[in-house]
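Engineer: Structure file target29.txt (compact mmCIF, C-alpha atoms) right here:
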# COMPACT_ATOMS: atom_id res chain seq x y z
CA MET V 678 34.75 -15.53 -16.84
CA ALA V 679 35.61 -11.94 -15.96
CA ASP V 680 36.19 -10.93 -12.36
CA THR V 681 33.47 -8.49 -11.22
CA ARG V 682 32.74 -6.35 -8.20
CA THR V 683 29.74 -4.34 -7.08
CA ILE V 684 30.50 -0.68 -6.51
CA ALA V 685 28.44 2.13 -5.03
CA LEU V 686 29.21 5.72 -5.94
CA THR V 687 27.58 9.06 -6.51
CA VAL V 688 27.83 10.61 -9.96
CA ASN V 689 26.50 14.13 -10.55
CA GLY V 690 24.48 13.91 -7.35
CA ARG V 691 22.85 10.58 -8.21
CA ARG V 692 23.67 7.40 -6.29
CA TYR V 693 24.51 4.25 -8.30
CA GLU V 694 25.16 0.66 -7.33
CA GLU V 695 26.55 -1.28 -10.28
CA THR V 696 28.44 -4.45 -11.02
CA VAL V 697 31.62 -3.84 -13.01
CA GLU V 698 34.48 -5.89 -14.34
CA THR V 699 37.53 -5.22 -12.19
CA ARG V 700 39.54 -4.23 -15.28
CA CYS V 701 36.98 -1.62 -16.46
CA THR V 702 38.29 1.94 -16.41
CA LEU V 703 36.26 4.65 -14.76
CA ALA V 704 35.96 6.41 -18.14
CA ASP V 705 34.52 3.30 -19.79
CA PHE V 706 32.18 2.74 -16.84
CA LEU V 707 30.86 6.30 -17.04
CA ARG V 708 30.39 6.13 -20.81
CA GLN V 709 29.19 2.57 -21.30
CA GLN V 710 27.35 1.62 -18.12
CA LEU V 711 25.99 4.98 -17.04
CA GLY V 712 25.58 6.50 -20.53
CA LEU V 713 27.48 9.67 -19.56
CA THR V 714 29.25 10.13 -22.87
CA GLY V 715 30.44 13.67 -22.17
CA THR V 716 33.59 12.23 -20.64
CA HIS V 717 35.77 11.75 -23.70
CA LEU V 718 38.64 9.35 -24.31
CA GLY V 719 41.51 10.79 -26.29
CA CYS V 720 44.94 9.40 -25.54
CA GLU V 721 44.00 6.84 -22.85
CA HIS V 722 47.36 7.63 -21.20
CA GLY V 723 46.31 10.58 -19.01
CA VAL V 724 48.06 13.14 -21.19
CA CYS V 725 45.30 14.91 -23.13
CA GLY V 726 42.86 15.72 -20.31
CA ALA V 727 39.71 14.88 -22.29
CA CYS V 728 38.62 12.34 -19.67
CA THR V 729 39.00 14.68 -16.68
CA ILE V 730 36.36 14.31 -13.98
CA LEU V 731 36.15 15.55 -10.40
CA LEU V 732 36.66 12.84 -7.81
CA ASP V 733 35.61 14.11 -4.40
CA GLY V 734 36.05 17.63 -5.75
CA ARG V 735 39.52 17.15 -7.23
CA SER V 736 40.39 16.60 -10.87
CA ALA V 737 41.36 13.10 -11.94
CA ARG V 738 41.94 11.34 -15.23
CA SER V 739 39.18 8.77 -15.53
CA CYS V 740 41.11 6.81 -18.18
CA LEU V 741 43.80 6.05 -15.59
CA MET V 742 41.44 4.88 -12.85
CA LEU V 743 39.56 1.66 -12.54
CA ALA V 744 35.86 1.93 -11.80
CA VAL V 745 36.36 -0.17 -8.65
CA GLN V 746 38.70 2.55 -7.34
CA ALA V 747 35.78 4.98 -7.40
CA ASN V 748 33.76 2.82 -5.00
CA GLY V 749 32.39 5.02 -2.21
CA HIS V 750 33.41 8.26 -3.89
CA GLU V 751 31.61 11.23 -5.41
CA ILE V 752 32.19 12.04 -9.05
CA MET V 753 31.24 15.01 -11.20
CA THR V 754 31.30 14.75 -14.97
CA VAL V 755 30.60 17.47 -17.50
CA GLU V 756 26.93 16.47 -17.42
CA GLY V 757 26.82 17.58 -13.78
CA ILE V 758 28.06 21.14 -14.26
CA ALA V 759 24.80 22.89 -15.16
CA PRO V 760 22.34 23.48 -12.33
CA ASP V 761 19.50 21.99 -14.40
CA LYS V 762 18.62 20.97 -17.96
CA LEU V 763 17.42 24.46 -18.91
CA THR V 764 20.19 26.57 -17.36
CA LEU V 765 23.85 26.75 -18.28
CA HIS V 766 26.57 27.12 -15.66
CA PRO V 767 28.32 30.53 -15.87
CA LEU V 768 31.42 28.76 -17.19
CA GLN V 769 29.40 27.19 -20.00
CA GLU V 770 27.86 30.59 -20.80
CA ALA V 771 31.33 32.15 -20.93
CA PHE V 772 32.54 29.43 -23.31
CA ARG V 773 29.57 30.09 -25.55
CA ASP V 774 29.99 33.87 -25.46
CA ASN V 775 33.79 33.84 -25.95
CA HIS V 776 33.99 31.15 -28.62
CA GLY V 777 35.89 28.89 -26.23
CA LEU V 778 35.38 25.77 -28.30
CA GLN V 779 35.47 24.56 -31.85
CA CYS V 780 35.14 20.81 -32.37
CA GLY V 781 34.33 20.36 -28.67
CA PHE V 782 36.24 17.13 -28.10
CA CYS V 783 38.51 18.61 -25.42
CA THR V 784 35.82 20.86 -23.95
CA PRO V 785 34.39 18.51 -21.28
CA GLY V 786 37.82 17.96 -19.71
CA ILE V 787 38.64 21.64 -19.91
CA LEU V 788 35.34 22.63 -18.30
CA ILE V 789 35.87 20.19 -15.43
CA THR V 790 39.46 21.40 -14.98
CA LEU V 791 38.24 25.00 -14.84
CA ILE V 792 35.41 24.20 -12.40
CA GLU V 793 38.03 23.09 -9.87
CA PHE V 794 40.49 25.84 -10.77
CA LEU V 795 37.98 28.70 -10.51
CA ARG V 796 36.60 27.30 -7.26
CA ASP V 797 40.09 27.40 -5.78
CA ASN V 798 41.22 30.59 -7.55
CA PRO V 799 38.24 32.90 -8.12
CA ASP V 800 40.26 35.85 -9.46
CA PRO V 801 42.98 34.36 -11.68
CA THR V 802 45.40 36.09 -13.99
CA GLU V 803 45.71 35.08 -17.62
CA ASP V 804 49.00 33.33 -16.85
CA GLU V 805 47.41 31.36 -14.00
CA VAL V 806 44.63 30.21 -16.33
CA ARG V 807 47.17 29.08 -18.91
CA VAL V 808 49.08 27.10 -16.28
CA ALA V 809 45.84 25.52 -15.03
CA LEU V 810 45.01 24.45 -18.59
CA SER V 811 48.47 23.07 -19.32
CA GLY V 812 47.25 19.51 -18.77
CA ASN V 813 44.46 19.81 -21.35
CA LEU V 814 45.27 19.53 -25.03
CA CYS V 815 43.21 21.33 -27.66
CA ARG V 816 44.03 21.02 -31.34
CA CYS V 817 41.48 23.51 -32.67
CA THR V 818 41.30 26.77 -30.76
CA GLY V 819 44.79 27.99 -30.02
CA TYR V 820 43.51 28.47 -26.45
CA GLN V 821 42.81 32.22 -26.71
CA GLY V 822 39.03 31.79 -26.62
CA ILE V 823 39.35 29.24 -23.83
CA VAL V 824 41.46 31.60 -21.72
CA ALA V 825 39.09 34.50 -22.42
CA ALA V 826 36.16 32.30 -21.43
CA ALA V 827 37.86 31.25 -18.19
CA LEU V 828 38.56 34.87 -17.23
CA ASP V 829 35.00 35.88 -18.15
CA ALA V 830 33.60 32.97 -16.13
CA ALA V 831 35.67 34.04 -13.13
CA LYS V 832 34.03 37.48 -13.29
CA ARG V 833 30.58 35.94 -13.66
CA LEU V 834 31.12 33.58 -10.72
CA ARG V 835 32.40 36.39 -8.48
CA ALA V 836 29.24 38.37 -9.28
CA VAL V 837 26.95 35.53 -8.16
Produce structure tokens that represent the structure in this file.
Structural biologist:
Amino acid sequence: MADTRTIALTVNGRRYEETVETRCTLADFLRQQLGLTGTHLGCEHGVCGACTILLDGRSARSCLMLAVQANGHEIMTVEGIAPDKLTLHPLQEAFRDNHGLQCGFCTPGILITLIEFLRDNPDPTEDEVRVALSGNLCRCTGYQGIVAAALDAAKRLRAV
């Protein structure tokens, strides 16, 4: 019989109390138990960045964390970026307008990474954006559209 624990956490502003196996990763918990499939699993070694979430406002690789480690914490996934179901976040708008994605597999992790980065650095240079994205792998875009979207989003967020 698997060892389980009950955890309580807030995900995208909603409070959850769930029983999880102690060996369950946070990524698997988010995807399988909460149905938040925007958090993607790529390498499962913390290298690709597809599983990036915000844990108490700071980026973390959810494939490297156990769900029990998130007990008592606040998490934001890509599903929590937009203010509501009918409105895109300025970063999402900038990705749309600047062709910042192709297949979209890496996009959730990149968006979460940029949410934190642009919060902490509201007027970045292109080089700073590229450094911030260095932990997120994209096989499709060549990053130019992603960088353009990040710089555009920074402008949009400063104007708000």
Engineer: Can you tell me how far atom CA of Leu768 of chain V sits from atom CA of Ala830 of chain V, in Å to one decimal?
Structural biologist: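 That distance, rounded to one decimal, is 4.9 Å.
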Engineer: Looking at V:Leu765, V:Cys728, V:Ile792, V:Val745, which one is nearest to Glu695 of chain V, with distances taken over only C-alpha atoms?
Structural biologist: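 That would be V:Val745, the residue with the smallest distance to Glu695 of chain V.
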Engineer: Need to verify the contact set: segment 689-693 of chain V, 12 Å, all atoms listed in the file, exclusion of same-chain residues closer than 3 positions in sequence. Can you return it as an MDAnalysis selection string?
Structural biologist: chainID V and resid 683:686 696:697 706:707 710:711 713 730:734 747:761
Engineer: If you measure from atom CA of Ile787 of chain V to atom CA of Thr764 of chain V, what distance in Å do you get, rounded to one decimal?
Structural biologist: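 These two atoms are separated by 19.3 Å.
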Engineer: Just checking: using all atoms listed in the file, which residue out of V:Gly719, V:Leu834, V:Ala737, V:Thr699 ends up closest to Arg796 of chain V?
Structural biologist: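 Using all atoms listed in the file, Arg796 of chain V sits closest to V:Leu834.
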Engineer: Between V:Cys701, V:Gln746, V:Lys832, V:Ser739, which is the closest to Asn798 of chain V once you count only C-alpha atoms?
Structural biologist: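 With only C-alpha atoms as the atom set, the closest residue is V:Lys832.
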Engineer: One decimal, in Å: what's the spacing between atom CA of Arg835 of chain V and atom CA of Asn813 of chain V?
Structural biologist: 24.2 Å
Engineer: Between V:Asp680, V:Asp829, V:Asp705, V:Glu721, which has the minimum distance to Ala771 of chain V (counting all atoms listed in the file)?
Structural biologist: V:Asp829
Engineer: Let me make sure I understand: among V:Ala704, V:Cys783, V:Ile789, V:Leu795, which one has the smallest atom-to-atom distance to Tyr820 of chain V if we use all atoms listed in the file?
Structural biologist: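 Closest residue, counting all atoms listed in the file: V:Cys783.
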Engineer: From the options V:Thr687, V:Thr729, V:Thr802, V:Gln769, which residue's atoms come nearest to Leu814 of chain V, counting only C-alpha atoms?
Structural biologist: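 Distance minimum relative to Leu814 of chain V lands on V:Thr729.
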Engineer: Can you pull out the residues contacting Glu805 of chain V? Cut-off 10 Å, using all atoms listed in the file, and skip same-chain residues under 6 positions away; I want them as a VMD selection string.
Structural biologist: chain V and resid 794 798 811 824
Engineer: Which residues are near Ala825 of chain V? Cut-off 10 Å, all atoms listed in the file, ignore same chain within fewer than 5 positions. Put them as JSON, numbers by chain.
Structural biologist: {"V": [771, 772, 774, 775, 776, 777, 803, 806, 820, 830, 831]}
Engineer: The selected residues should be written to file as a PDB file, in the frame of the given file (atoms: C-alpha atoms).
Structural biologist:
ATOM      1  CA  ALA V 771      31.330  32.150 -20.930  1.00  0.00           C
ATOM      2  CA  PHE V 772      32.540  29.430 -23.310  1.00  0.00           C
ATOM      3  CA  ASP V 774      29.990  33.870 -25.460  1.00  0.00           C
ATOM      4  CA  ASN V 775      33.790  33.840 -25.950  1.00  0.00           C
ATOM      5  CA  HIS V 776      33.990  31.150 -28.620  1.00  0.00           C
ATOM      6  CA  GLY V 777      35.890  28.890 -26.230  1.00  0.00           C
ATOM      7  CA  GLU V 803      45.710  35.080 -17.620  1.00  0.00           C
ATOM      8  CA  VAL V 806      44.630  30.210 -16.330  1.00  0.00           C
ATOM      9  CA  TYR V 820      43.510  28.470 -26.450  1.00  0.00           C
ATOM     10  CA  ALA V 830      33.600  32.970 -16.130  1.00  0.00           C
ATOM     11  CA  ALA V 831      35.670  34.040 -13.130  1.00  0.00           C
TER      12      ALA V 831
END
